[in-house]
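> Please find one structure pasted underneath; my questions will follow.
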Amino acid sequence: MPLTEWINHEIMKLLPILLLLAPLMEAQVHGVSAIDATANLPAQKIGPRDLIAIQVYDSPELTRTVRVGADGMVRLPMLRQRIRAEGLMPNDLEVAVANGLQEEGIIVDPLVTITVAGI
């Protein structure tokens, strides 16, 4: 079998595997695990011990998944103050985190996305 035929044959054997792994690779590139990328519960207020994914656009070092404390507060290492998350909708917590990042001079105009990854 000529070399080019052999290469094409090997590529065709690997193609289905690569197609199956593509979503996992994209999630890792964006700094979010595959579980976090697909988990999004229906819109509901955040409660104690909920698992939330915080994404800060263009700042992968600030993107993380955290668990809300039993007291309803979230501790983010980049902020001095804890943020009350309990009772807030995810979009309200996005505003609170963005305000904290801006007030502490970490980012001028942050774009924050909060996803409830688990309860």
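Chain labels run A, B, ... following the order of the structure tokens; each chain numbers its residues from 1, and ligands are numbered from 1 in the order shown.
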Tell me, which residues of chain A carry DSSP helix (DSSP H, G or I), written as number ranges by chain?

A: 3-29, 34-38, 60-62, 90-103

> Quick one: residues within 10 Å of Ile46 (chain A), only C-alpha atoms counted, chain neighbours fewer than 5 positions away excluded, as an MDAnalysis selection string?

chainID A and resid 51:52 68 72 84:90 92:93 116 119
